[in-house]
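Enquirer: My structure is stored as data.cif, with mmCIF, C-alpha atoms and all ligand atoms.
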data_input
loop_
_atom_site.label_atom_id
_atom_site.label_comp_id
_atom_site.auth_asym_id
_atom_site.auth_seq_id
_atom_site.Cartn_x
_atom_site.Cartn_y
_atom_site.Cartn_z
CA MET Z 245 -69.48 48.60 -113.07
CA ARG Z 246 -66.11 47.31 -111.86
CA LEU Z 247 -63.57 50.10 -112.10
CA LYS Z 248 -60.62 48.85 -114.15
CA PRO Z 249 -57.88 50.01 -111.75
CA LEU Z 250 -59.51 48.04 -108.93
CA SER Z 251 -60.54 44.94 -110.86
CA LYS Z 252 -58.12 42.65 -109.00
CA TYR Z 253 -59.96 43.32 -105.75
CA VAL Z 254 -63.20 42.53 -103.99
CA LEU Z 255 -64.35 44.53 -100.98
CA LYS Z 256 -65.13 42.12 -98.14
CA CYS Z 257 -66.62 42.78 -94.73
CA PRO Z 258 -64.50 41.03 -92.09
CA ARG Z 259 -67.45 40.96 -89.68
CA CYS Z 260 -70.52 39.88 -91.63
CA GLY Z 261 -68.89 38.49 -94.78
CA TYR Z 262 -70.81 40.81 -97.16
CA GLU Z 263 -69.02 41.44 -100.46
CA VAL Z 264 -69.16 44.60 -102.55
CA GLU Z 265 -67.73 45.57 -105.93
CA PRO Z 266 -64.58 47.62 -105.39
CA SER Z 267 -65.11 51.37 -105.46
CA PRO Z 268 -62.89 54.28 -104.47
CA TYR Z 269 -65.79 55.73 -102.51
CA ILE Z 270 -67.10 52.84 -100.41
CA MET Z 271 -65.15 52.26 -97.21
CA ARG Z 272 -67.68 50.76 -94.82
CA CYS Z 273 -69.88 47.68 -95.14
CA PRO Z 274 -73.32 48.79 -96.36
CA ARG Z 275 -74.87 46.08 -94.17
CA CYS Z 276 -73.09 46.28 -90.80
CA GLY Z 277 -70.88 49.38 -91.01
CA GLU Z 278 -67.52 47.66 -90.41
CA LEU Z 279 -64.51 48.90 -92.40
CA LEU Z 280 -64.09 46.79 -95.53
CA ASP Z 281 -61.03 44.77 -96.55
CA ALA Z 282 -59.71 45.31 -100.07
CA SER Z 283 -59.02 41.63 -100.73
CA ILE Z 284 -56.96 40.66 -103.73
CA ILE Z 285 -58.39 38.00 -106.04
CA ALA Z 286 -55.40 35.65 -106.13
CA GLU Z 287 -56.26 34.20 -109.57
CA LYS Z 288 -55.96 37.65 -111.10
CA ILE Z 289 -52.48 38.31 -109.78
CA ARG Z 290 -49.65 37.71 -112.23
CA ILE Z 291 -46.70 38.72 -110.07
CA LYS Z 292 -43.35 36.96 -110.63
CA TRP Z 293 -41.69 37.45 -107.27
CA GLY Z 294 -38.12 36.71 -108.34
CA GLU Z 295 -38.30 39.01 -111.34
CA LEU Z 296 -39.55 42.30 -109.93
CA ARG Z 297 -38.12 45.45 -111.47
CA GLY Z 298 -37.71 49.01 -110.29
CA ARG Z 299 -37.65 50.21 -106.71
CA GLY Z 300 -40.03 51.51 -104.08
CA VAL Z 301 -43.75 51.01 -103.69
CA TRP Z 302 -44.52 50.66 -107.41
CA ARG Z 303 -42.08 47.77 -107.73
CA TYR Z 304 -45.10 45.80 -106.46
CA ARG Z 305 -47.57 47.31 -108.94
CA ASP Z 306 -49.00 43.87 -109.68
CA LEU Z 307 -50.39 43.85 -106.15
CA LEU Z 308 -51.62 47.46 -106.19
CA PRO Z 309 -54.47 49.36 -107.88
CA GLU Z 310 -53.65 49.74 -111.57
CA LEU Z 311 -53.38 53.48 -112.01
CA ASN Z 312 -51.96 55.35 -114.94
CA GLY Z 313 -49.68 58.31 -114.40
CA VAL Z 314 -48.98 57.68 -110.73
CA ILE Z 315 -47.92 60.50 -108.43
CA THR Z 316 -44.65 59.18 -107.05
CA MET Z 317 -41.47 60.48 -105.47
CA SER Z 318 -39.69 57.12 -105.19
CA GLU Z 319 -41.19 56.33 -101.81
CA GLY Z 320 -40.38 52.96 -100.24
CA SER Z 321 -37.22 50.83 -100.57
CA THR Z 322 -36.26 52.08 -97.12
CA PRO Z 323 -33.16 50.79 -95.29
CA LEU Z 324 -33.30 47.79 -93.00
CA ILE Z 325 -30.66 48.44 -90.36
CA ARG Z 326 -29.30 45.76 -88.02
CA LEU Z 327 -28.85 47.00 -84.46
CA ARG Z 328 -25.52 46.67 -82.68
CA ALA Z 329 -27.18 46.39 -79.30
CA TYR Z 330 -29.66 43.71 -80.46
CA PRO Z 331 -28.09 41.64 -83.27
CA ASN Z 332 -31.33 39.79 -84.08
CA ALA Z 333 -33.24 43.02 -84.52
CA TYR Z 334 -33.52 45.09 -87.68
CA VAL Z 335 -34.95 48.57 -87.83
CA LYS Z 336 -37.04 49.36 -90.93
CA PHE Z 337 -36.21 53.05 -91.25
CA GLU Z 338 -39.32 54.68 -92.70
CA GLY Z 339 -37.88 58.09 -91.92
CA ALA Z 340 -36.01 57.70 -95.22
CA ASN Z 341 -39.20 58.30 -97.23
CA PRO Z 342 -39.58 61.59 -99.15
CA THR Z 343 -41.49 63.42 -96.39
CA GLY Z 344 -39.89 61.43 -93.60
CA SER Z 345 -42.55 58.86 -92.69
CA PHE Z 346 -44.26 55.68 -93.88
CA LYS Z 347 -47.31 57.73 -94.85
CA ASP Z 348 -45.72 58.41 -98.24
CA ARG Z 349 -46.23 54.78 -99.22
CA GLY Z 350 -49.96 55.22 -98.71
CA MET Z 351 -50.17 58.68 -100.23
CA THR Z 352 -48.57 57.70 -103.51
CA VAL Z 353 -51.45 55.26 -104.02
CA GLY Z 354 -54.16 57.38 -102.38
CA VAL Z 355 -53.31 60.64 -104.12
CA SER Z 356 -52.85 58.90 -107.49
CA LEU Z 357 -56.33 57.43 -107.09
CA ALA Z 358 -57.83 60.75 -105.96
CA SER Z 359 -56.19 62.48 -108.87
CA SER Z 360 -57.65 59.97 -111.34
CA LEU Z 361 -61.13 60.65 -109.94
CA GLY Z 362 -60.94 64.31 -110.85
CA VAL Z 363 -61.74 65.54 -107.34
CA ARG Z 364 -60.95 69.08 -106.27
CA GLY Z 365 -58.62 67.94 -103.54
CA ILE Z 366 -58.00 65.62 -100.64
CA ILE Z 367 -58.75 65.98 -96.95
CA VAL Z 368 -57.19 64.36 -93.88
CA ALA Z 369 -57.30 64.65 -90.11
CA SER Z 370 -53.85 64.13 -88.71
CA THR Z 371 -51.42 64.10 -85.82
CA GLY Z 372 -48.96 65.53 -88.35
CA ASN Z 373 -47.27 62.97 -90.56
CA THR Z 374 -50.32 62.21 -92.65
CA ALA Z 375 -50.76 65.96 -93.09
CA ALA Z 376 -47.15 66.45 -94.23
CA SER Z 377 -47.38 63.58 -96.68
CA ALA Z 378 -50.83 64.50 -97.99
CA ALA Z 379 -49.66 68.07 -98.50
CA ALA Z 380 -46.56 67.05 -100.47
CA TYR Z 381 -48.27 64.48 -102.69
CA SER Z 382 -51.25 66.67 -103.49
CA ALA Z 383 -48.82 69.48 -104.34
CA ARG Z 384 -47.14 67.12 -106.83
CA ALA Z 385 -50.51 66.13 -108.22
CA GLY Z 386 -51.61 69.75 -108.51
CA ILE Z 387 -54.74 69.26 -106.45
CA GLU Z 388 -55.83 70.95 -103.22
CA CYS Z 389 -55.17 69.60 -99.75
CA MET Z 390 -57.01 70.36 -96.54
CA VAL Z 391 -55.57 69.12 -93.26
CA VAL Z 392 -57.53 69.14 -90.00
CA LEU Z 393 -55.27 69.11 -86.95
CA PRO Z 394 -55.65 69.06 -83.17
CA LYS Z 395 -54.71 72.58 -82.11
CA GLY Z 396 -51.38 72.54 -80.29
CA GLY Z 397 -51.01 68.78 -80.75
CA VAL Z 398 -48.76 68.56 -83.81
CA ALA Z 399 -44.95 68.50 -83.78
CA LYS Z 400 -43.28 71.53 -85.38
CA GLY Z 401 -41.52 69.75 -88.23
CA LYS Z 402 -44.76 68.28 -89.49
CA LEU Z 403 -46.71 71.53 -89.27
CA GLY Z 404 -43.87 73.24 -91.13
CA GLN Z 405 -44.05 70.64 -93.89
CA ALA Z 406 -47.80 71.07 -94.32
CA LEU Z 407 -47.23 74.83 -94.62
CA LEU Z 408 -44.32 74.44 -97.01
CA HIS Z 409 -46.33 72.28 -99.38
CA GLY Z 410 -49.25 74.67 -99.40
CA ALA Z 411 -51.93 72.73 -97.54
CA ARG Z 412 -54.95 74.52 -96.16
CA ILE Z 413 -54.50 74.06 -92.41
CA VAL Z 414 -57.54 73.90 -90.16
CA GLU Z 415 -57.09 73.53 -86.41
CA VAL Z 416 -59.79 72.17 -84.11
CA PRO Z 417 -60.00 71.96 -80.32
CA GLY Z 418 -59.32 68.66 -78.57
CA THR Z 419 -57.31 65.69 -79.77
CA PHE Z 420 -56.83 63.87 -83.07
CA ASP Z 421 -60.00 61.92 -82.27
CA ASN Z 422 -62.00 65.16 -82.54
CA ALA Z 423 -60.23 66.17 -85.75
CA LEU Z 424 -61.07 62.83 -87.35
CA GLU Z 425 -64.68 63.13 -86.29
CA TYR Z 426 -64.89 66.54 -88.03
CA VAL Z 427 -63.52 65.06 -91.24
CA LEU Z 428 -65.49 61.84 -91.31
CA SER Z 429 -68.78 63.51 -90.40
CA THR Z 430 -68.26 65.91 -93.28
CA VAL Z 431 -67.13 63.66 -96.11
CA LEU Z 432 -68.18 60.11 -95.26
CA GLU Z 433 -71.94 59.82 -95.24
CA SER Z 434 -73.03 56.26 -94.39
CA GLY Z 435 -69.60 54.95 -95.22
CA SER Z 436 -69.44 56.45 -98.69
CA ALA Z 437 -67.52 59.50 -99.88
CA GLY Z 438 -69.53 59.70 -103.10
CA ASN Z 439 -70.43 63.39 -103.18
CA ALA Z 440 -67.41 64.89 -101.50
CA SER Z 441 -65.27 67.22 -103.58
CA TYR Z 442 -62.45 66.58 -101.12
CA TYR Z 443 -61.50 62.90 -101.17
CA PRO Z 444 -60.79 61.50 -97.66
CA LEU Z 445 -57.37 59.89 -97.29
CA ASN Z 446 -57.23 58.92 -93.64
CA SER Z 447 -56.30 55.32 -92.92
CA ILE Z 448 -59.98 54.44 -93.01
CA ASN Z 449 -59.36 54.52 -96.77
CA GLN Z 450 -58.42 50.97 -97.77
CA TRP Z 451 -56.74 52.08 -101.01
CA ARG Z 452 -54.22 54.22 -99.15
CA LEU Z 453 -53.38 51.25 -96.95
CA GLU Z 454 -52.56 49.24 -100.07
CA GLY Z 455 -49.42 51.35 -100.42
CA GLN Z 456 -48.43 50.79 -96.81
CA LYS Z 457 -48.59 46.98 -97.10
CA THR Z 458 -45.44 47.15 -99.25
CA ILE Z 459 -43.43 47.41 -96.00
CA ALA Z 460 -44.11 43.67 -95.60
CA TYR Z 461 -43.02 42.91 -99.18
CA GLU Z 462 -39.72 44.72 -98.72
CA ILE Z 463 -38.99 42.90 -95.46
CA VAL Z 464 -39.61 39.53 -97.15
CA GLU Z 465 -37.39 40.42 -100.09
CA GLU Z 466 -34.56 41.50 -97.84
CA VAL Z 467 -34.57 39.11 -94.86
CA GLY Z 468 -37.42 36.66 -95.40
CA VAL Z 469 -40.16 36.26 -92.76
CA PRO Z 470 -39.08 37.42 -89.29
CA ASP Z 471 -40.48 35.85 -86.13
CA TYR Z 472 -41.92 39.16 -84.93
CA VAL Z 473 -42.74 42.57 -86.39
CA PHE Z 474 -43.13 45.41 -83.87
CA VAL Z 475 -45.27 48.34 -85.01
CA PRO Z 476 -46.19 51.56 -83.15
CA VAL Z 477 -49.98 51.77 -83.14
CA GLY Z 478 -52.13 54.90 -83.21
CA ASN Z 479 -55.18 54.56 -85.41
CA GLY Z 480 -54.21 50.97 -86.21
CA GLY Z 481 -54.07 51.24 -90.00
CA ASN Z 482 -50.40 50.53 -90.46
CA ILE Z 483 -50.11 47.32 -88.43
CA TYR Z 484 -53.13 46.01 -90.34
CA ALA Z 485 -51.63 47.01 -93.69
CA ILE Z 486 -48.32 45.27 -92.93
CA TRP Z 487 -50.11 42.12 -91.75
CA LYS Z 488 -52.23 42.19 -94.90
CA GLY Z 489 -49.04 42.37 -96.98
CA PHE Z 490 -47.63 39.23 -95.36
CA ARG Z 491 -50.98 37.43 -95.65
CA GLU Z 492 -51.16 38.11 -99.37
CA LEU Z 493 -47.70 36.62 -99.86
CA MET Z 494 -48.95 33.51 -98.01
CA GLU Z 495 -52.00 33.35 -100.26
CA LEU Z 496 -49.75 33.55 -103.32
CA ASN Z 497 -47.41 30.85 -101.92
CA ILE Z 498 -44.48 33.25 -101.88
CA ILE Z 499 -43.91 32.69 -98.14
CA ASP Z 500 -44.97 29.75 -95.98
CA LYS Z 501 -45.27 31.28 -92.52
CA MET Z 502 -46.49 34.48 -90.92
CA PRO Z 503 -44.64 36.73 -88.49
CA LYS Z 504 -46.31 37.53 -85.19
CA MET Z 505 -47.53 41.13 -85.28
CA ILE Z 506 -46.86 43.12 -82.10
CA GLY Z 507 -48.72 46.41 -81.58
CA VAL Z 508 -46.97 48.92 -79.33
CA GLN Z 509 -48.85 51.84 -77.82
CA ALA Z 510 -47.77 54.64 -75.49
CA SER Z 511 -49.03 53.89 -71.96
CA GLY Z 512 -51.07 57.11 -71.79
CA ALA Z 513 -52.77 56.41 -75.14
CA ALA Z 514 -53.22 52.65 -75.16
CA PRO Z 515 -56.84 51.79 -75.99
CA LEU Z 516 -55.88 48.60 -77.82
CA VAL Z 517 -53.68 47.37 -74.97
CA LYS Z 518 -56.66 47.97 -72.69
CA TYR Z 519 -59.00 46.02 -74.97
CA TRP Z 520 -56.44 43.23 -75.41
CA ARG Z 521 -56.28 42.79 -71.65
CA GLY Z 522 -60.08 42.54 -71.44
CA LEU Z 523 -60.43 45.88 -69.66
CA GLY Z 524 -63.24 47.31 -71.77
CA GLU Z 525 -63.72 48.99 -75.14
CA ALA Z 526 -60.80 49.99 -77.36
CA ARG Z 527 -61.02 53.64 -76.37
CA VAL Z 528 -59.63 56.04 -73.81
CA ASP Z 529 -61.04 59.51 -73.36
CA LYS Z 530 -57.99 61.67 -72.71
CA PRO Z 531 -55.03 60.21 -74.57
CA SER Z 532 -51.77 61.67 -73.34
CA THR Z 533 -48.18 60.93 -74.40
CA VAL Z 534 -45.01 62.67 -75.50
CA ALA Z 535 -45.31 60.66 -78.73
CA SER Z 536 -47.78 63.06 -80.37
CA ALA Z 537 -48.00 60.98 -83.56
CA ILE Z 538 -49.80 58.22 -81.67
CA ARG Z 539 -51.75 60.37 -79.21
CA ILE Z 540 -55.02 58.72 -80.18
CA GLY Z 541 -57.79 57.52 -77.88
CA LYS Z 542 -60.31 56.09 -80.36
CA PRO Z 543 -58.49 54.18 -83.08
CA ILE Z 544 -60.77 54.10 -86.07
CA ASN Z 545 -59.07 50.92 -87.35
CA TRP Z 546 -59.14 49.20 -83.95
CA TYR Z 547 -60.82 46.07 -85.31
CA ARG Z 548 -58.33 45.85 -88.18
CA ALA Z 549 -55.38 46.19 -85.79
CA TYR Z 550 -56.92 43.70 -83.37
CA ARG Z 551 -57.36 41.12 -86.13
CA ALA Z 552 -53.76 41.57 -87.32
CA VAL Z 553 -52.45 40.89 -83.83
CA LYS Z 554 -54.89 38.13 -82.89
CA TYR Z 555 -54.70 36.11 -86.12
CA SER Z 556 -50.91 36.32 -86.25
CA ASN Z 557 -50.65 35.11 -82.61
CA GLY Z 558 -49.02 38.36 -81.55
CA PHE Z 559 -49.87 40.71 -78.70
CA PHE Z 560 -50.28 44.36 -77.76
CA ILE Z 561 -47.84 45.95 -75.33
CA ASP Z 562 -47.37 49.45 -73.98
CA ALA Z 563 -44.33 51.61 -73.27
CA SER Z 564 -44.16 54.59 -70.93
CA ASP Z 565 -43.05 58.03 -72.11
CA ASP Z 566 -39.77 57.59 -70.20
CA GLU Z 567 -39.13 54.28 -71.95
CA ILE Z 568 -39.97 55.81 -75.32
CA LEU Z 569 -37.64 58.79 -74.86
CA MET Z 570 -34.85 56.57 -73.52
CA THR Z 571 -35.24 54.26 -76.50
CA GLN Z 572 -35.17 57.19 -78.89
CA ARG Z 573 -31.69 57.94 -77.49
CA VAL Z 574 -30.62 54.29 -77.76
CA LEU Z 575 -31.42 54.42 -81.46
CA GLY Z 576 -29.81 57.83 -81.76
CA ARG Z 577 -26.57 56.43 -80.41
CA GLU Z 578 -26.70 53.79 -83.13
CA GLY Z 579 -26.99 56.51 -85.74
CA VAL Z 580 -30.70 56.00 -86.33
CA GLY Z 581 -32.77 59.16 -85.79
CA VAL Z 582 -36.46 58.57 -85.14
CA GLU Z 583 -39.31 60.56 -83.66
CA PRO Z 584 -40.71 59.45 -80.26
CA ALA Z 585 -43.66 57.45 -81.66
CA SER Z 586 -41.26 55.43 -83.78
CA ALA Z 587 -39.06 54.61 -80.82
CA ALA Z 588 -42.08 52.82 -79.35
CA SER Z 589 -41.36 49.70 -81.40
CA LEU Z 590 -37.89 49.24 -79.86
CA ALA Z 591 -39.27 50.21 -76.44
CA GLY Z 592 -41.89 47.46 -76.83
CA TYR Z 593 -39.25 44.96 -77.94
CA MET Z 594 -37.00 45.76 -74.98
CA LYS Z 595 -39.92 45.39 -72.59
CA ALA Z 596 -40.99 42.08 -74.16
CA LEU Z 597 -37.41 40.80 -73.76
CA ARG Z 598 -37.28 41.96 -70.12
CA GLU Z 599 -40.57 40.29 -69.36
CA GLY Z 600 -39.41 37.10 -71.06
CA VAL Z 601 -42.36 37.16 -73.47
CA ILE Z 602 -40.00 36.76 -76.40
CA ASP Z 603 -36.56 35.25 -76.72
CA PRO Z 604 -33.43 37.20 -77.77
CA SER Z 605 -32.72 34.53 -80.39
CA ASN Z 606 -35.92 35.40 -82.28
CA ASN Z 607 -35.59 37.50 -85.42
CA VAL Z 608 -37.47 40.75 -85.21
CA VAL Z 609 -38.14 43.75 -87.40
CA LEU Z 610 -38.94 47.03 -85.64
CA ILE Z 611 -40.84 49.53 -87.75
CA ALA Z 612 -39.37 53.01 -87.22
CA THR Z 613 -42.24 55.01 -88.65
CA GLY Z 614 -40.96 58.59 -88.75
CA HIS Z 615 -37.78 60.71 -88.81
CA ALA Z 616 -36.23 62.40 -85.78
CA LEU Z 617 -36.42 65.84 -87.44
CA LYS Z 618 -40.20 65.69 -87.40
CA ASP Z 619 -40.23 66.62 -83.74
CA PRO Z 620 -37.32 68.94 -82.92
CA ASP Z 621 -38.73 69.78 -79.50
CA ALA Z 622 -38.43 66.14 -78.48
CA LEU Z 623 -34.75 66.19 -79.46
CA LEU Z 624 -34.05 69.27 -77.36
CA ARG Z 625 -36.08 68.13 -74.38
CA ASP Z 626 -33.13 67.32 -72.16
CA SER Z 627 -30.97 70.26 -71.23
CA VAL Z 628 -28.60 70.62 -74.13
CA HIS Z 629 -25.07 69.52 -73.34
CA THR Z 630 -22.83 71.90 -75.20
CA VAL Z 631 -19.42 73.26 -74.39
CA SER Z 632 -18.75 76.91 -75.24
CA ILE Z 633 -15.22 77.89 -76.16
CA SER Z 634 -13.71 80.91 -77.86
CA SER Z 635 -10.22 79.88 -78.93
CA ILE Z 636 -8.55 77.21 -81.02
CA ASP Z 637 -6.31 76.33 -78.08
CA GLU Z 638 -9.33 75.45 -76.01
CA LEU Z 639 -10.52 73.08 -78.71
CA LYS Z 640 -7.03 71.53 -78.88
CA ALA Z 641 -7.09 71.05 -75.10
CA LEU Z 642 -10.47 69.39 -75.35
CA ILE Z 643 -9.29 67.01 -78.07
CA MET Z 644 -6.15 66.09 -76.15
CA GLY Z 645 -8.00 65.75 -72.92
CA ARG Z 646 -10.71 63.27 -73.77
CA SER Z 647 -12.38 61.33 -76.46
CA ILE Z 648 -14.59 63.49 -78.63
CA ILE Z 649 -16.99 60.57 -78.90
CA ASP Z 650 -18.10 60.93 -75.34
CA VAL Z 651 -21.71 59.93 -74.86
N1 LIG G 1 -45.85 56.33 -86.10
C1 LIG G 1 -45.94 57.56 -86.63
C2 LIG G 1 -44.69 58.35 -86.76
C3 LIG G 1 -47.19 58.06 -87.04
O1 LIG G 1 -47.25 59.28 -87.57
C4 LIG G 1 -48.34 57.27 -86.88
C5 LIG G 1 -49.66 57.77 -87.26
C6 LIG G 1 -48.19 55.98 -86.34
C7 LIG G 1 -46.93 55.56 -85.97
C8 LIG G 1 -49.34 55.07 -86.14
O2 LIG G 1 -49.86 54.57 -87.32
O3 LIG G 1 -52.21 55.30 -87.06
O4 LIG G 1 -51.59 53.59 -88.74
O5 LIG G 1 -51.54 53.04 -86.30
N2 LIG G 1 -49.90 58.96 -87.58
C9 LIG G 1 -51.19 59.45 -88.07
C10 LIG G 1 -51.02 60.86 -88.63
C11 LIG G 1 -52.30 59.30 -87.13
O6 LIG G 1 -52.00 61.61 -88.68
O7 LIG G 1 -49.93 61.21 -89.06
P1 LIG G 1 -51.39 54.09 -87.37
#
Could you take the file, read its structure, and then write that structure out as structure tokens?

Expert:
Amino acid sequence: MRLKPLSKYVLKCPRCGYEVEPSPYIMRCPRCGELLDASIIAEKIRIKWGELRGRGVWRYRDLLPELNGVITMSEGSTPLIRLRAYPNAYVKFEGANPTGSFKDRGMTVGVSLASSLGVRGIIVASTGNTAASAAAYSARAGIECMVVLPKGGVAKGKLGQALLHGARIVEVPGTFDNALEYVLSTVLESGSAGNASYYPLNSINQWRLEGQKTIAYEIVEEVGVPDYVFVPVGNGGNIYAIWKGFRELMELNIIDKMPKMIGVQASGAAPLVKYWRGLGEARVDKPSTVASAIRIGKPINWYRAYRAVKYSNGFFIDASDDEILMTQRVLGREGVGVEPASAASLAGYMKALREGVIDPSNNVVLIATGHALKDPDALLRDSVHTVSISSIDELKALIMGRSIIDV
């Protein structure tokens, strides 16, 4: 039976073409095992693009699963900020979401769905942001949340959020790749989560990604279709979701061209860059980078991310930890506070400009995936430049002596 909330979709295998009735539980192709696409059936979509009402993710409810009583905290409608240093570049500041990352867009859909299924709770493996978001949204829904994290591999702000929102925190040895394996081996038997009392909401879950595709819709509403969209890539779900959003607008004749999707990875955790260059499988065994959010060696959505980049005529590029941290400061000096992983998109853009791969006259959108406060240690990495004084006169002398905006 076709579940009403999902009746505008068909699940399609991008590899073997097999089609399955949409279900919250089926994520992999029963025939070949590839992750399924939740494809919209264009004839069933009634959206009137010029007449959308409301704000945030659910503004696009006509293109999302039809759920009653959604669990929402006004996620989405994030600022698009034009950079002073690069006038043709806009930063999509996802740090402005309720828990400080783009994950909230996915969780509002994923947790609403989980909640409607009557499961006991949700479960995720995470480098931190997914955990923080899952914890907050399940708390709102009044269901349990279990997060499985790489021990010692999660930034403090994110761990604190998971604690604050009452998630059950389980730490495992190794990297995120190990944590994900624990989760998927437990709740996803042969691609189906049918009997699990904890519903899996990693980015393998196509319904969660439906929320994330709204990043593309917002960009189109605000500035039209850019030439390039730069996205930091870890597991590869987000770049795919954004590409899917643009593709749907093409299918519905709302836009008439696609942006090129550019995937940026940290040099020490760049399995997709490796694959793109023809240097073997999309995996590295010991991922290592200061950008802990994207410290991932075996991206579960690698084929999704690869398709997004290949079919949009984009490319994958890497940025070193030094470049990422420097770029984080460049954004900081423009008033935009992002965590290291998020700085990767500007780092990738700057590198692409330097290498002459793209032209400064091209319009670009850089996805800044998470807030600076997520990773306080990264902010305090450099020796802190403070001046200690103990009298008002000393402050007066300082103010007279030099500009207080001295960077
Ligand atoms: N940027 C940030 C800040 C992230 O937290 C993540 C992923 C990404 C980029 C990459 O997105 O995996 O869809 O390619 N964080 C996940 C987590 C893995 O557990 O929070 P992706």

Enquirer: Name each residue within 7 Å of ligand LIG 1 (chain G), counting all atoms listed in the file, as a PyMOL selection string.

Expert: chain Z and resi 345+369-375+447+476-483+537-538+583+585-586+613-614

Enquirer: With C-alpha atoms retained, write the just-selected residues as an mmCIF file, in the frame of the given file.

Expert:
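Dumped to part_6.cif:
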data_model
loop_
_atom_site.group_PDB
_atom_site.id
_atom_site.type_symbol
_atom_site.label_atom_id
_atom_site.label_comp_id
_atom_site.auth_asym_id
_atom_site.auth_seq_id
_atom_site.Cartn_x
_atom_site.Cartn_y
_atom_site.Cartn_z
ATOM 1 C CA SER Z 345 -42.550 58.860 -92.690
ATOM 2 C CA ALA Z 369 -57.300 64.650 -90.110
ATOM 3 C CA SER Z 370 -53.850 64.130 -88.710
ATOM 4 C CA THR Z 371 -51.420 64.100 -85.820
ATOM 5 C CA GLY Z 372 -48.960 65.530 -88.350
ATOM 6 C CA ASN Z 373 -47.270 62.970 -90.560
ATOM 7 C CA THR Z 374 -50.320 62.210 -92.650
ATOM 8 C CA ALA Z 375 -50.760 65.960 -93.090
ATOM 9 C CA SER Z 447 -56.300 55.320 -92.920
ATOM 10 C CA PRO Z 476 -46.190 51.560 -83.150
ATOM 11 C CA VAL Z 477 -49.980 51.770 -83.140
ATOM 12 C CA GLY Z 478 -52.130 54.900 -83.210
ATOM 13 C CA ASN Z 479 -55.180 54.560 -85.410
ATOM 14 C CA GLY Z 480 -54.210 50.970 -86.210
ATOM 15 C CA GLY Z 481 -54.070 51.240 -90.000
ATOM 16 C CA ASN Z 482 -50.400 50.530 -90.460
ATOM 17 C CA ILE Z 483 -50.110 47.320 -88.430
ATOM 18 C CA ALA Z 537 -48.000 60.980 -83.560
ATOM 19 C CA ILE Z 538 -49.800 58.220 -81.670
ATOM 20 C CA GLU Z 583 -39.310 60.560 -83.660
ATOM 21 C CA ALA Z 585 -43.660 57.450 -81.660
ATOM 22 C CA SER Z 586 -41.260 55.430 -83.780
ATOM 23 C CA THR Z 613 -42.240 55.010 -88.650
ATOM 24 C CA GLY Z 614 -40.960 58.590 -88.750
#

Enquirer: Which residue out of Z:Tyr442, Z:Trp293, Z:Tyr547, Z:Trp451 has the minimum interatomic distance to Arg259 in chain Z when only C-alpha atoms are used?

Expert: Z:Tyr547

Enquirer: Near range 297-305 of chain Z, counting only C-alpha atoms, which residues have an atom at most 6 Å away, once you skip same-chain residues fewer than 4 positions from it, shown as a VMD selection string?

Expert: chain Z and resid 318 to 321

Enquirer: For range 393-399 of chain Z, work out the shell of residues within 12 Å, counting all atoms listed in the file and skipping chain neighbours fewer than 5 positions away, then give it as a PyMOL selection string.

Expert: chain Z and resi 367-376+404-406+411-427+531-540+583-585+614-623

Enquirer: What's the separation between CA of Val608 in chain Z and CA of Asn341 in chain Z, in Å to one decimal place?

Expert: 21.3 Å

Enquirer: In Å, how far is it from CA of Leu308 in chain Z to CA of Pro543 in chain Z?

Expert: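 Separation of CA of Leu308 in chain Z and CA of Pro543 in chain Z: 25.0 Å.
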
Enquirer: Please give the centre and size of the box around range 498-517 of chain Z (axis-aligned, containing every atom listed in the file, 6 Å added per side), with values in Å to one decimal and written as AutoDock Vina command-line options.

Expert:
--center_x -50.4 --center_y 43.4 --center_z -86.8 --size_x 24.9 --size_y 39.4 --size_z 42.1

Enquirer: May I have the residues within 10 Å of Ala358 in chain Z as a PDB file with C-alpha atoms, in the frame of the given file, using all atoms listed in the file and disregarding those fewer than 2 positions away in the same chain?

Expert:
ATOM      1  CA  PRO Z 268     -62.890  54.280-104.470  1.00  0.00           C
ATOM      2  CA  MET Z 351     -50.170  58.680-100.230  1.00  0.00           C
ATOM      3  CA  VAL Z 353     -51.450  55.260-104.020  1.00  0.00           C
ATOM      4  CA  GLY Z 354     -54.160  57.380-102.380  1.00  0.00           C
ATOM      5  CA  VAL Z 355     -53.310  60.640-104.120  1.00  0.00           C
ATOM      6  CA  SER Z 356     -52.850  58.900-107.490  1.00  0.00           C
ATOM      7  CA  SER Z 360     -57.650  59.970-111.340  1.00  0.00           C
ATOM      8  CA  LEU Z 361     -61.130  60.650-109.940  1.00  0.00           C
ATOM      9  CA  GLY Z 362     -60.940  64.310-110.850  1.00  0.00           C
ATOM     10  CA  VAL Z 363     -61.740  65.540-107.340  1.00  0.00           C
ATOM     11  CA  ARG Z 364     -60.950  69.080-106.270  1.00  0.00           C
ATOM     12  CA  GLY Z 365     -58.620  67.940-103.540  1.00  0.00           C
ATOM     13  CA  ILE Z 366     -58.000  65.620-100.640  1.00  0.00           C
ATOM     14  CA  SER Z 382     -51.250  66.670-103.490  1.00  0.00           C
ATOM     15  CA  ALA Z 385     -50.510  66.130-108.220  1.00  0.00           C
ATOM     16  CA  ILE Z 387     -54.740  69.260-106.450  1.00  0.00           C
ATOM     17  CA  TYR Z 442     -62.450  66.580-101.120  1.00  0.00           C
ATOM     18  CA  TYR Z 443     -61.500  62.900-101.170  1.00  0.00           C
ATOM     19  CA  PRO Z 444     -60.790  61.500 -97.660  1.00  0.00           C
ATOM     20  CA  LEU Z 445     -57.370  59.890 -97.290  1.00  0.00           C
TER      21      LEU Z 445
END
